[in-house]
Structures are given as structure tokens and as C-alpha cells.
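Report on the following structure.
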Amino acid sequence: MDFATFLSQINDALISENGPNLAYLLRPTSPHGKSLVKEFRSNATQGSLEPAYKGAIRSPWDDIAIKYVLTCTCVAKRRSQEAYKEHSALVLLFLRFFTENRGWTLPALFSILRDLRDLAFDADFHAKYNGERSECMEDAARKIASAFGNCITDRQSPPEQSRKWGVYYVVALVLKCYFRLKRISLSKNILRALEANRDIPALSQYPRSHQVTFRYYIGMLHFLNEEHAKAEEELTLAFYHCHVGAHANQERILAYLLPLRLLKGHLPSDELMKRFPVLSEMYTPFVAAIRLGDIAAFDRALEEWESKLVDLSLMLTVERARELCLRGLFRRVWVASDKNSRIPVSVFHCSLRISGMDVDQEEAECLVANMIYKGFMRGYISHEKQMVVLAMTNAFPKLVDRPSPFAYL
């Protein structure tokens, strides 16, 4: 495809309001991009293209087409920062057109914003590799956030053709940028703006893919803020609405949903673990230790996976599941004592020592008291007689039956 044909196809897409085709034409990785790079191999500059093609089609698409060629050229020559700069200019030109049109332009908006984020990542990566400073991802986040404003302020388009149908996709892109930058505190501003606009359609009316991505990032924000109940709710909805073929996305969601479910006493099935071998390798040692009440095995798994858990911000959450392991150990003591309702503190102390925990009897008594307080055990401690008195029935309630399990974290 030569440049004249490229301009003609852009014009046809604009006349027919064909958003998907327009999105395809503006992708730097599309096959025609390589053809245009070859056509202008010796002379692809703003100064050489503008006099020849300025005004070839209606504004701002003549400038957008020129910026597209410059972007493809920079990508082909692996000039990542220049590619980001040219594509960034293309985005700004497109937004001028976008604000004057309806929702048919959303596929093109999604495509160029996604490419903007990817080019920003490449630019920052290469700059870091070369020991240089780059803030392309921060700039990309600002530009994508401005596109969110252009979507949410559509007051003139008919409801079915509104730009508001792009709101949640764009918000998810902004959140992706903030997570990449590790500056999640910036998320508050855009979420506050989203909550303030009550006239957008309900989330359930948006495409399933938009819902899943948005719920995943909202769930992650709750997770990192230790709002475990809200995090579990959002991540569960994201997982069950995720496309069955999107295995990598399901795995990404489960990485954070599994430890939250563990804290509630829901242990993953073998069938689920077989579907996700990467997660199975990491979580199976913890699940096996909880089932057996083997504290030493749980601690060994923590030590083995510490680096990975820290990288994923999972260390504290998984470490809290150690209490389930402790509950399993104390239950085994109860079973070994013929389910007697009166068990000396010294017996629990001995079990802890055998499990490899170097604690004195007072600390053992404290651990038992904590288990009772958090609802893992039913009973009380007679400190004077150093005796644990357990309930005659249901001394160790099922983990899933505990009321408000996240309340004691």
C-alpha cells in the first residue's frame, strides 16, 4: 500500500464512519505501516512530507497521516523515544477530531491509546537500559486521562452512539499506567471523577472485557489498601466474567484471589490447580501445609517463595494464612486427645515445639487465646489451672463458617 492509497482508505473510513477499519489503519504494527516506511525510506521527515501532502484530505487527518508515517519510521529504526513523541502528537491531533464526533470513533481511540501506552513502555525501558531518564509513561497517563475527560463529557450524542461507552476502557488504561509507574495513589483522582458522573451507563451494560479489566484494577486497589472483603468481591466478579480462553488474565486474577479465599478457609480444588500450573507450583505447598496443620512446612514454603511473593505484593497476605495452619495443628491436638473438652496448655505447647516453633508456655497460651478470639476455636482458658476448656460441640468451627473472617486481620 502506497501513501496515496493509505490516504484514500482513511478518507473512506471517515465517510463510512468505520471505526474498526480506522483503528486498523492507525496501528503502527499493521502491514501497510512497513510498506509506507519503505516508500519514504530516504526522506521521512515532517519537513519533506508536509509540503507534499498537507491538505490532501480534510484536517486534521492530513497531519495525522503524516505523523503515522513518522511513527512507523521511528518504530522500524528502533528509535523508541522518537516513536513515542510522534505517536503522542498523533494522539493529540486525533483527540481534536474525537471531541467533535460520536461513539463510532471509539475503536480508533482504544487502538491509538493502547499503542501510546506500549510505546511509552518501550521508550522508558530503553532509556533505563541506557542509563537515561524518561517520563514517557507519566506523559502517556496524562494524555489517556485527558481522553477520559473527552469521553465522559459527551452531552450531545444519542445514548447508543455516545462517547461515554469508552469510559471504562480508558479508565482501565489509565490505571494500567499508574500500576506500571507504581504510583497507584494517582488513581484516586480519576476514580473520583468517575463516581461524580452519575449519568453514565451502569458498568453491567458495558462490554464484558471492559468490565473484567476495570474490576480487576479496582480489586487490586482494594487489595493493596488491605480492604480484603471489597477486593475479594471485585476479583471474584472479574474472574467469573473473564473469557474462558483468556488463560493469562484468569491466572493474573487468581494470583490475588486465591490468598484472599485462603484467609476465608476456602482451599482451592485440585482441578483448579491443574488448570493453572504456575499458580499451583506456588500455592500448593501452602495449601498442603494448611490441610495438615504443618507449620514447619508452611514456613519453609514462605522462605522458598519469599522473593516472588514480595514482588507480587502478596507476602503479608499469604503470611496471614499461617493462622489457618496453626488452627489445623491445634485441631490435631484435640483429635489426638480423643476430642476431650479439657486439654492442658502444656499439650498445645508441646505440639508447637514439635512443629519447630521455639516458644515458651506463656506464648503458647497466648496463641491459643488468639485462636479463640478470632473464632478458630470455641472455648476459654483457665489461666489459674493452665487448662484449655473447649466447647462440647463444634469446638473447631469450619473455617468457612466464621463470621467476618477479614475483620480480625
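Convention: chains lettered A, B, ... in C-alpha cells order; per-chain residue numbering from 1; ligands numbered from 1 as shown.
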
task: Write out as a VMD selection string each polymer residue whose atoms come within 9 Å of A:Glu362, counting only C-alpha atoms; drop sequence neighbours fewer than 3 positions from it.
output: chain A and resid 345 349 359 365 to 367

Please, could you write that set of residues out with N, CA, C and O atoms as a PDB file, in the first residue's frame?
```pdb
ATOM      1  N   VAL A 345      -2.724 -26.591  78.699  1.00  0.00           N
ATOM      2  CA  VAL A 345      -1.962 -25.679  77.829  1.00  0.00           C
ATOM      3  C   VAL A 345      -0.638 -26.312  77.448  1.00  0.00           C
ATOM      4  O   VAL A 345      -0.125 -26.120  76.329  1.00  0.00           O
ATOM      5  N   HIS A 349       1.490 -26.474  73.970  1.00  0.00           N
ATOM      6  CA  HIS A 349       2.875 -26.002  73.962  1.00  0.00           C
ATOM      7  C   HIS A 349       3.791 -27.058  73.371  1.00  0.00           C
ATOM      8  O   HIS A 349       4.662 -26.772  72.539  1.00  0.00           O
ATOM      9  N   VAL A 359       8.898 -21.671  71.325  1.00  0.00           N
ATOM     10  CA  VAL A 359       8.110 -20.750  72.151  1.00  0.00           C
ATOM     11  C   VAL A 359       8.011 -21.316  73.566  1.00  0.00           C
ATOM     12  O   VAL A 359       8.132 -22.524  73.790  1.00  0.00           O
ATOM     13  N   GLU A 365       0.121 -20.235  75.355  1.00  0.00           N
ATOM     14  CA  GLU A 365      -1.178 -19.873  75.898  1.00  0.00           C
ATOM     15  C   GLU A 365      -1.756 -18.668  75.158  1.00  0.00           C
ATOM     16  O   GLU A 365      -2.956 -18.610  74.863  1.00  0.00           O
ATOM     17  N   CYS A 366      -0.894 -17.736  74.837  1.00  0.00           N
ATOM     18  CA  CYS A 366      -1.319 -16.538  74.100  1.00  0.00           C
ATOM     19  C   CYS A 366      -1.822 -16.910  72.709  1.00  0.00           C
ATOM     20  O   CYS A 366      -2.827 -16.369  72.226  1.00  0.00           O
ATOM     21  N   LEU A 367      -1.129 -17.847  72.043  1.00  0.00           N
ATOM     22  CA  LEU A 367      -1.535 -18.277  70.707  1.00  0.00           C
ATOM     23  C   LEU A 367      -2.899 -18.967  70.751  1.00  0.00           C
ATOM     24  O   LEU A 367      -3.738 -18.763  69.866  1.00  0.00           O
TER      25      LEU A 367
END
```

- request: Can you pull out every residue within 8 Å of stretch 177-179 of chain A, counting only C-alpha atoms, but drop anything in the same chain fewer than 2 positions away, and send it as number ranges by chain?
  value: A: 117, 137-138, 140-141, 173-175, 181-184, 186-187

- request: For A:Val171, work out the shell of residues within 9 Å, counting only C-alpha atoms and skipping chain neighbours fewer than 3 positions away, then give it as a ChimeraX atom specification.
  value: /A:144-145,148,166-168,174-176,190-191,194,214

With N, CA, C and O atoms retained, could you export that selection as a short mmCIF file (atom, residue, chain, number, x, y, z; two decimals), in the first residue's frame?
```cif
data_model
loop_
_atom_site.label_atom_id
_atom_site.label_comp_id
_atom_site.auth_asym_id
_atom_site.auth_seq_id
_atom_site.Cartn_x
_atom_site.Cartn_y
_atom_site.Cartn_z
N ILE A 144 -3.91 9.93 28.29
CA ILE A 144 -5.03 8.99 28.33
C ILE A 144 -6.11 9.52 29.28
O ILE A 144 -7.31 9.38 29.02
N ALA A 145 -5.69 10.14 30.37
CA ALA A 145 -6.65 10.73 31.31
C ALA A 145 -7.43 11.86 30.63
O ALA A 145 -8.62 12.04 30.90
N PHE A 148 -10.13 10.36 28.69
CA PHE A 148 -11.24 10.01 29.57
C PHE A 148 -12.19 11.20 29.73
O PHE A 148 -13.41 11.04 29.67
N GLY A 166 -16.90 4.51 26.03
CA GLY A 166 -15.47 4.23 26.12
C GLY A 166 -14.88 4.52 27.48
O GLY A 166 -13.67 4.32 27.71
N VAL A 167 -15.71 4.98 28.42
CA VAL A 167 -15.23 5.44 29.72
C VAL A 167 -14.42 4.38 30.46
O VAL A 167 -13.29 4.61 30.88
N TYR A 168 -15.01 3.19 30.63
CA TYR A 168 -14.35 2.19 31.48
C TYR A 168 -13.09 1.60 30.83
O TYR A 168 -12.14 1.25 31.52
N VAL A 174 -5.67 3.99 32.01
CA VAL A 174 -5.01 4.93 32.93
C VAL A 174 -4.49 4.18 34.16
O VAL A 174 -3.35 4.38 34.60
N LEU A 175 -5.32 3.30 34.70
CA LEU A 175 -4.92 2.54 35.88
C LEU A 175 -3.73 1.63 35.58
O LEU A 175 -2.84 1.45 36.41
N LYS A 176 -3.71 1.06 34.37
CA LYS A 176 -2.56 0.24 33.96
C LYS A 176 -1.27 1.06 34.00
O LYS A 176 -0.22 0.59 34.45
N ILE A 190 -8.95 10.01 39.16
CA ILE A 190 -9.80 9.60 38.03
C ILE A 190 -11.01 8.80 38.52
O ILE A 190 -12.10 8.90 37.96
N LEU A 191 -10.85 8.03 39.59
CA LEU A 191 -11.98 7.29 40.15
C LEU A 191 -13.00 8.23 40.79
O LEU A 191 -14.21 8.00 40.73
N LEU A 194 -14.96 9.65 38.03
CA LEU A 194 -15.89 8.64 37.52
C LEU A 194 -17.13 8.54 38.42
O LEU A 194 -18.27 8.47 37.93
N PHE A 214 -11.66 -3.45 34.36
CA PHE A 214 -11.94 -2.42 35.37
C PHE A 214 -12.06 -3.05 36.75
O PHE A 214 -11.47 -2.56 37.73
#
```

Exercise: A:Cys136 partners within 7 Å, only C-alpha atoms, chain neighbours under 5 positions left out, as JSON, numbers by chain: {"A": [120, 123, 124]}

For those residues, write C-alpha atoms to a file as a PDB file, in the first residue's frame.
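So the final result, stored in again.pdb, reads:
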```
ATOM      1  CA  ALA A 120       5.757   4.737  26.320  1.00  0.00           C
ATOM      2  CA  ALA A 123      10.722   4.317  25.467  1.00  0.00           C
ATOM      3  CA  ASP A 124      11.125   4.185  29.258  1.00  0.00           C
TER       4      ASP A 124
END
```

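Between atom CA of A:Glu17 and atom CA of A:Arg198 the separation is 28.6 Å.
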
query: Using the chain letters and numbers from this document, which residues of stretch 124-299 of chain A does DSSP assign to alpha helix (DSSP H), as a PyMOL selection string?
result: chain A and resi 124-129+136-152+167-181+187-196+208-224+228-241+247-263+270-275+277-292+295-299

message: One decimal, in Å: what's the spacing between atom CA of A:Phe348 and atom CA of A:Ser404?
response: 26.2 Å

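Using only C-alpha atoms, the residues found no farther than 9 Å from stretch 239-250 of chain A, other than those of its own chain fewer than 6 positions away, are A:Arg208, A:Ser209, A:Gln211, A:Val212, A:Thr213, A:Tyr216, A:Leu257, A:Arg275, A:Phe276.
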
statement: Closest of A:Arg58, A:Ile381, A:Glu281, A:Gly33 to A:Ile15, counting only C-alpha atoms, is A:Arg58

Long-range neighbours of A:Ser346 as a list in words, 8 Å cut-off, only C-alpha atoms, 4 positions minimum in chain: Cys350, Gln361 and Gln386 of chain A

Those selected residues, please, written with C-alpha atoms and delivered as a compact mmCIF listing (two decimals), in the first residue's frame.
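Final output, saved to result39.txt:
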```txt
# COMPACT_ATOMS: atom_id res chain seq x y z
CA CYS A 350 4.39 -29.40 73.27
CA GLN A 361 4.37 -21.96 77.58
CA GLN A 386 -3.43 -23.80 82.86
```

Neighbours of stretch 25-29 of chain A within 10 Å (only C-alpha atoms; same-chain residues fewer than 2 positions away dropped), as an mmCIF file with all heavy atoms, in the first residue's frame?
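Contents of result16.cif, freshly written:
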```
data_model
loop_
_atom_site.group_PDB
_atom_site.id
_atom_site.type_symbol
_atom_site.label_atom_id
_atom_site.label_comp_id
_atom_site.auth_asym_id
_atom_site.auth_seq_id
_atom_site.Cartn_x
_atom_site.Cartn_y
_atom_site.Cartn_z
ATOM 1 N N PHE A 6 -3.238 4.819 1.152
ATOM 2 C CA PHE A 6 -3.454 4.932 2.601
ATOM 3 C C PHE A 6 -4.379 6.111 2.916
ATOM 4 O O PHE A 6 -5.338 5.981 3.683
ATOM 5 C CB PHE A 6 -2.100 5.105 3.292
ATOM 6 C CG PHE A 6 -2.186 5.348 4.775
ATOM 7 C CD1 PHE A 6 -2.644 4.361 5.632
ATOM 8 C CD2 PHE A 6 -1.780 6.566 5.317
ATOM 9 C CE1 PHE A 6 -2.719 4.582 7.004
ATOM 10 C CE2 PHE A 6 -1.852 6.795 6.686
ATOM 11 C CZ PHE A 6 -2.329 5.791 7.535
ATOM 12 N N LEU A 7 -4.106 7.259 2.280
ATOM 13 C CA LEU A 7 -4.951 8.436 2.487
ATOM 14 C C LEU A 7 -6.382 8.185 2.010
ATOM 15 O O LEU A 7 -7.347 8.591 2.652
ATOM 16 C CB LEU A 7 -4.365 9.639 1.751
ATOM 17 C CG LEU A 7 -3.050 10.214 2.290
ATOM 18 C CD1 LEU A 7 -2.525 11.295 1.363
ATOM 19 C CD2 LEU A 7 -3.237 10.770 3.698
ATOM 20 N N GLN A 9 -7.926 5.282 1.845
ATOM 21 C CA GLN A 9 -8.626 4.361 2.750
ATOM 22 C C GLN A 9 -9.033 5.050 4.046
ATOM 23 O O GLN A 9 -10.092 4.748 4.606
ATOM 24 C CB GLN A 9 -7.734 3.149 3.040
ATOM 25 C CG GLN A 9 -7.569 2.242 1.832
ATOM 26 C CD GLN A 9 -7.012 0.880 2.204
ATOM 27 O OE1 GLN A 9 -6.898 0.533 3.372
ATOM 28 N NE2 GLN A 9 -6.653 0.101 1.190
ATOM 29 N N ILE A 10 -8.207 5.969 4.536
ATOM 30 C CA ILE A 10 -8.593 6.763 5.713
ATOM 31 C C ILE A 10 -9.836 7.582 5.405
ATOM 32 O O ILE A 10 -10.790 7.622 6.202
ATOM 33 C CB ILE A 10 -7.443 7.692 6.151
ATOM 34 C CG1 ILE A 10 -6.335 6.887 6.851
ATOM 35 C CG2 ILE A 10 -7.965 8.766 7.111
ATOM 36 C CD1 ILE A 10 -5.182 7.730 7.349
ATOM 37 N N ALA A 13 -12.880 5.400 5.358
ATOM 38 C CA ALA A 13 -13.284 5.011 6.715
ATOM 39 C C ALA A 13 -13.998 6.159 7.417
ATOM 40 O O ALA A 13 -14.960 5.947 8.159
ATOM 41 C CB ALA A 13 -12.066 4.577 7.520
ATOM 42 N N GLY A 19 -15.237 2.686 12.369
ATOM 43 C CA GLY A 19 -14.269 2.806 13.446
ATOM 44 C C GLY A 19 -13.235 1.696 13.477
ATOM 45 O O GLY A 19 -12.029 1.965 13.595
ATOM 46 N N PRO A 20 -13.630 0.395 13.375
ATOM 47 C CA PRO A 20 -12.637 -0.694 13.402
ATOM 48 C C PRO A 20 -11.613 -0.590 12.284
ATOM 49 O O PRO A 20 -10.432 -0.848 12.498
ATOM 50 C CB PRO A 20 -13.501 -1.955 13.257
ATOM 51 C CG PRO A 20 -14.826 -1.570 13.836
ATOM 52 C CD PRO A 20 -15.009 -0.124 13.440
ATOM 53 N N ASN A 21 -12.060 -0.207 11.070
ATOM 54 C CA ASN A 21 -11.116 -0.079 9.961
ATOM 55 C C ASN A 21 -10.158 1.086 10.190
ATOM 56 O O ASN A 21 -8.955 0.997 9.894
ATOM 57 C CB ASN A 21 -11.871 0.115 8.653
ATOM 58 C CG ASN A 21 -10.958 -0.024 7.436
ATOM 59 O OD1 ASN A 21 -10.059 -0.859 7.419
ATOM 60 N ND2 ASN A 21 -11.181 0.805 6.431
ATOM 61 N N LEU A 22 -10.679 2.167 10.752
ATOM 62 C CA LEU A 22 -9.835 3.322 11.064
ATOM 63 C C LEU A 22 -8.787 2.938 12.114
ATOM 64 O O LEU A 22 -7.614 3.340 12.023
ATOM 65 C CB LEU A 22 -10.702 4.470 11.576
ATOM 66 C CG LEU A 22 -10.041 5.846 11.699
ATOM 67 C CD1 LEU A 22 -9.545 6.332 10.351
ATOM 68 C CD2 LEU A 22 -11.020 6.851 12.293
ATOM 69 N N ALA A 23 -9.198 2.146 13.092
ATOM 70 C CA ALA A 23 -8.261 1.674 14.121
ATOM 71 C C ALA A 23 -7.150 0.848 13.492
ATOM 72 O O ALA A 23 -5.963 1.002 13.825
ATOM 73 C CB ALA A 23 -9.011 0.854 15.163
ATOM 74 N N PRO A 31 0.481 -4.227 8.544
ATOM 75 C CA PRO A 31 1.386 -4.476 7.403
ATOM 76 C C PRO A 31 1.641 -3.255 6.532
ATOM 77 O O PRO A 31 2.754 -3.061 6.033
ATOM 78 C CB PRO A 31 0.651 -5.576 6.609
ATOM 79 C CG PRO A 31 -0.221 -6.256 7.620
ATOM 80 C CD PRO A 31 -0.637 -5.191 8.591
ATOM 81 N N HIS A 32 0.621 -2.410 6.346
ATOM 82 C CA HIS A 32 0.808 -1.253 5.473
ATOM 83 C C HIS A 32 1.809 -0.261 6.073
ATOM 84 O O HIS A 32 2.394 0.550 5.352
ATOM 85 C CB HIS A 32 -0.523 -0.549 5.192
ATOM 86 C CG HIS A 32 -1.256 -0.127 6.420
ATOM 87 N ND1 HIS A 32 -2.224 -0.895 7.020
ATOM 88 C CD2 HIS A 32 -1.164 0.988 7.193
ATOM 89 C CE1 HIS A 32 -2.693 -0.271 8.086
ATOM 90 N NE2 HIS A 32 -2.070 0.873 8.214
ATOM 91 N N GLY A 33 2.001 -0.316 7.398
ATOM 92 C CA GLY A 33 2.989 0.563 8.026
ATOM 93 C C GLY A 33 4.383 0.305 7.487
ATOM 94 O O GLY A 33 5.154 1.243 7.215
ATOM 95 N N LYS A 34 4.714 -0.982 7.308
ATOM 96 C CA LYS A 34 6.032 -1.350 6.760
ATOM 97 C C LYS A 34 6.177 -0.875 5.317
ATOM 98 O O LYS A 34 7.258 -0.441 4.898
ATOM 99 C CB LYS A 34 6.229 -2.860 6.846
ATOM 100 C CG LYS A 34 6.269 -3.396 8.267
ATOM 101 C CD LYS A 34 6.446 -4.902 8.279
ATOM 102 C CE LYS A 34 6.471 -5.424 9.718
ATOM 103 N NZ LYS A 34 6.613 -6.909 9.763
ATOM 104 N N ILE A 64 -2.458 13.815 10.782
ATOM 105 C CA ILE A 64 -2.440 12.504 11.447
ATOM 106 C C ILE A 64 -1.739 11.478 10.564
ATOM 107 O O ILE A 64 -0.934 10.663 11.050
ATOM 108 C CB ILE A 64 -3.879 12.054 11.787
ATOM 109 C CG1 ILE A 64 -4.454 12.917 12.912
ATOM 110 C CG2 ILE A 64 -3.919 10.578 12.183
ATOM 111 C CD1 ILE A 64 -5.917 12.633 13.234
ATOM 112 N N ALA A 65 -2.034 11.490 9.273
ATOM 113 C CA ALA A 65 -1.406 10.533 8.346
ATOM 114 C C ALA A 65 0.106 10.731 8.304
ATOM 115 O O ALA A 65 0.877 9.756 8.274
ATOM 116 C CB ALA A 65 -2.004 10.698 6.953
ATOM 117 N N LYS A 67 1.981 12.027 10.705
ATOM 118 C CA LYS A 67 2.518 11.566 11.996
ATOM 119 C C LYS A 67 2.570 10.040 12.060
ATOM 120 O O LYS A 67 3.463 9.464 12.669
ATOM 121 C CB LYS A 67 1.667 12.109 13.145
ATOM 122 C CG LYS A 67 1.833 13.607 13.392
ATOM 123 C CD LYS A 67 3.265 13.939 13.793
ATOM 124 C CE LYS A 67 3.449 15.430 14.048
ATOM 125 N NZ LYS A 67 4.867 15.772 14.338
ATOM 126 N N TYR A 68 1.602 9.404 11.402
ATOM 127 C CA TYR A 68 1.593 7.938 11.385
ATOM 128 C C TYR A 68 2.829 7.404 10.663
ATOM 129 O O TYR A 68 3.482 6.467 11.140
ATOM 130 C CB TYR A 68 0.324 7.434 10.697
ATOM 131 C CG TYR A 68 0.299 5.932 10.521
ATOM 132 C CD1 TYR A 68 -0.009 5.093 11.593
ATOM 133 C CD2 TYR A 68 0.601 5.351 9.296
ATOM 134 C CE1 TYR A 68 -0.013 3.720 11.443
ATOM 135 C CE2 TYR A 68 0.597 3.980 9.129
ATOM 136 C CZ TYR A 68 0.288 3.168 10.205
ATOM 137 O OH TYR A 68 0.295 1.800 10.053
ATOM 138 N N VAL A 69 3.158 8.011 9.510
ATOM 139 C CA VAL A 69 4.356 7.592 8.759
ATOM 140 C C VAL A 69 5.622 7.801 9.596
ATOM 141 O O VAL A 69 6.503 6.939 9.652
ATOM 142 C CB VAL A 69 4.460 8.367 7.433
ATOM 143 C CG1 VAL A 69 5.792 8.078 6.746
ATOM 144 C CG2 VAL A 69 3.300 8.005 6.520
ATOM 145 N N LEU A 70 5.701 8.938 10.279
ATOM 146 C CA LEU A 70 6.878 9.235 11.103
ATOM 147 C C LEU A 70 6.983 8.255 12.277
ATOM 148 O O LEU A 70 8.082 7.820 12.641
ATOM 149 C CB LEU A 70 6.811 10.671 11.611
ATOM 150 C CG LEU A 70 6.838 11.762 10.534
ATOM 151 C CD1 LEU A 70 6.679 13.146 11.156
ATOM 152 C CD2 LEU A 70 8.145 11.699 9.738
ATOM 153 N N THR A 71 5.838 7.890 12.851
ATOM 154 C CA THR A 71 5.829 6.926 13.952
ATOM 155 C C THR A 71 6.335 5.569 13.469
ATOM 156 O O THR A 71 7.189 4.951 14.112
ATOM 157 C CB THR A 71 4.415 6.762 14.540
ATOM 158 O OG1 THR A 71 3.957 8.023 15.026
ATOM 159 C CG2 THR A 71 4.404 5.751 15.673
ATOM 160 N N CYS A 72 5.790 5.100 12.348
ATOM 161 C CA CYS A 72 6.206 3.803 11.790
ATOM 162 C C CYS A 72 7.685 3.793 11.449
ATOM 163 O O CYS A 72 8.384 2.785 11.668
ATOM 164 C CB CYS A 72 5.381 3.474 10.545
ATOM 165 S SG CYS A 72 3.645 3.150 10.870
ATOM 166 N N THR A 73 8.184 4.907 10.933
ATOM 167 C CA THR A 73 9.600 5.009 10.588
ATOM 168 C C THR A 73 10.472 4.890 11.835
ATOM 169 O O THR A 73 11.485 4.167 11.841
ATOM 170 C CB THR A 73 9.885 6.343 9.875
ATOM 171 O OG1 THR A 73 9.087 6.429 8.693
ATOM 172 C CG2 THR A 73 11.357 6.463 9.503
ATOM 173 N N CYS A 74 10.090 5.576 12.894
ATOM 174 C CA CYS A 74 10.855 5.521 14.149
ATOM 175 C C CYS A 74 10.798 4.135 14.777
ATOM 176 O O CYS A 74 11.799 3.648 15.319
ATOM 177 C CB CYS A 74 10.332 6.562 15.137
ATOM 178 S SG CYS A 74 10.641 8.269 14.637
ATOM 179 N N VAL A 75 9.628 3.494 14.679
ATOM 180 C CA VAL A 75 9.497 2.133 15.205
ATOM 181 C C VAL A 75 10.402 1.182 14.436
ATOM 182 O O VAL A 75 11.096 0.340 15.028
ATOM 183 C CB VAL A 75 8.027 1.660 15.142
ATOM 184 C CG1 VAL A 75 7.917 0.160 15.438
ATOM 185 C CG2 VAL A 75 7.168 2.446 16.121
ATOM 186 N N ALA A 76 10.415 1.320 13.105
ATOM 187 C CA ALA A 76 11.249 0.446 12.267
ATOM 188 C C ALA A 76 12.731 0.634 12.566
ATOM 189 O O ALA A 76 13.512 -0.322 12.509
ATOM 190 C CB ALA A 76 10.968 0.716 10.787
ATOM 191 N N ALA A 83 9.651 7.567 18.482
ATOM 192 C CA ALA A 83 8.384 6.949 18.085
ATOM 193 C C ALA A 83 7.271 7.386 19.038
ATOM 194 O O ALA A 83 6.160 7.723 18.601
ATOM 195 C CB ALA A 83 8.512 5.434 18.090
ATOM 196 N N HIS A 87 3.952 9.565 17.958
ATOM 197 C CA HIS A 87 2.628 8.989 18.191
ATOM 198 C C HIS A 87 1.842 9.834 19.191
ATOM 199 O O HIS A 87 0.613 9.949 19.084
ATOM 200 C CB HIS A 87 2.758 7.550 18.714
ATOM 201 C CG HIS A 87 1.441 6.830 18.743
ATOM 202 N ND1 HIS A 87 0.805 6.371 17.617
ATOM 203 C CD2 HIS A 87 0.638 6.491 19.788
ATOM 204 C CE1 HIS A 87 -0.337 5.791 17.952
ATOM 205 N NE2 HIS A 87 -0.465 5.852 19.264
ATOM 206 N N LEU A 90 0.283 12.431 17.303
ATOM 207 C CA LEU A 90 -0.848 11.868 16.564
ATOM 208 C C LEU A 90 -2.085 11.781 17.467
ATOM 209 O O LEU A 90 -3.203 12.109 17.047
ATOM 210 C CB LEU A 90 -0.467 10.481 16.034
ATOM 211 C CG LEU A 90 -1.482 9.707 15.177
ATOM 212 C CD1 LEU A 90 -0.744 8.756 14.226
ATOM 213 C CD2 LEU A 90 -2.467 8.913 16.017
ATOM 214 N N ALA A 108 -11.011 3.354 17.204
ATOM 215 C CA ALA A 108 -9.749 4.013 16.845
ATOM 216 C C ALA A 108 -9.092 4.616 18.076
ATOM 217 O O ALA A 108 -7.869 4.541 18.245
ATOM 218 C CB ALA A 108 -9.995 5.086 15.790
ATOM 219 N N LEU A 109 -9.911 5.217 18.951
ATOM 220 C CA LEU A 109 -9.365 5.790 20.182
ATOM 221 C C LEU A 109 -8.706 4.710 21.025
ATOM 222 O O LEU A 109 -7.580 4.882 21.503
ATOM 223 C CB LEU A 109 -10.479 6.462 20.989
ATOM 224 C CG LEU A 109 -10.039 7.041 22.344
ATOM 225 C CD1 LEU A 109 -9.246 8.322 22.140
ATOM 226 C CD2 LEU A 109 -11.236 7.290 23.256
ATOM 227 N N SER A 111 -7.438 1.909 20.132
ATOM 228 C CA SER A 111 -6.223 1.403 19.477
ATOM 229 C C SER A 111 -5.039 2.351 19.651
ATOM 230 O O SER A 111 -3.943 1.928 20.039
ATOM 231 C CB SER A 111 -6.509 1.186 17.986
ATOM 232 O OG SER A 111 -5.342 0.730 17.328
ATOM 233 N N ILE A 112 -5.255 3.646 19.407
ATOM 234 C CA ILE A 112 -4.121 4.571 19.475
ATOM 235 C C ILE A 112 -3.674 4.807 20.921
ATOM 236 O O ILE A 112 -2.487 5.019 21.184
ATOM 237 C CB ILE A 112 -4.413 5.911 18.759
ATOM 238 C CG1 ILE A 112 -5.525 6.681 19.450
ATOM 239 C CG2 ILE A 112 -4.718 5.681 17.283
ATOM 240 C CD1 ILE A 112 -5.704 8.097 18.907
ATOM 241 N N ARG A 114 -3.875 2.503 23.320
ATOM 242 C CA ARG A 114 -3.148 1.283 23.676
ATOM 243 C C ARG A 114 -1.725 1.321 23.108
ATOM 244 O O ARG A 114 -0.760 0.965 23.784
ATOM 245 C CB ARG A 114 -3.918 0.074 23.149
ATOM 246 C CG ARG A 114 -3.462 -1.264 23.706
ATOM 247 C CD ARG A 114 -4.477 -2.354 23.365
ATOM 248 N NE ARG A 114 -4.734 -2.424 21.928
ATOM 249 C CZ ARG A 114 -5.913 -2.195 21.372
ATOM 250 N NH1 ARG A 114 -6.945 -1.843 22.111
ATOM 251 N NH2 ARG A 114 -6.073 -2.297 20.065
ATOM 252 N N ASP A 115 -1.605 1.772 21.852
ATOM 253 C CA ASP A 115 -0.273 1.894 21.252
ATOM 254 C C ASP A 115 0.557 2.967 21.959
ATOM 255 O O ASP A 115 1.770 2.819 22.101
ATOM 256 C CB ASP A 115 -0.394 2.238 19.763
ATOM 257 C CG ASP A 115 -0.945 1.077 18.944
ATOM 258 O OD1 ASP A 115 -0.738 -0.079 19.353
ATOM 259 O OD2 ASP A 115 -1.600 1.332 17.918
#
```

message: What's the separation between atom CA of A:Ala52 and atom CA of A:Phe3, in Å to one decimal place?
response: 11.2 Å

Closest of A:Ser185, A:Gln81, A:Ala56, A:Tyr380 to A:Lys128 - atom-to-atom distances counting only C-alpha atoms: A:Gln81

message: So, with only C-alpha atoms as the atoms that count, which of A:Glu50, A:Asp401, A:Asp12, A:Asp62 lies closest to A:Leu93?
response: A:Asp62

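Across A:Ala395, A:Gly375, A:Ala296, A:Glu86, the tightest approach to A:Ser351 is made by A:Ala296 when counting only C-alpha atoms.
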
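Nearest to A:Asp199 of all the residues A:Ile253, A:Ile57, A:Met377, A:Ile152 is A:Ile152, based on only C-alpha atoms.
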
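Distances to A:Arg353 were evaluated for A:Ala289, A:Ile295, A:Asn43, A:Pro207 using only C-alpha atoms, and the minimum falls at A:Ile295.
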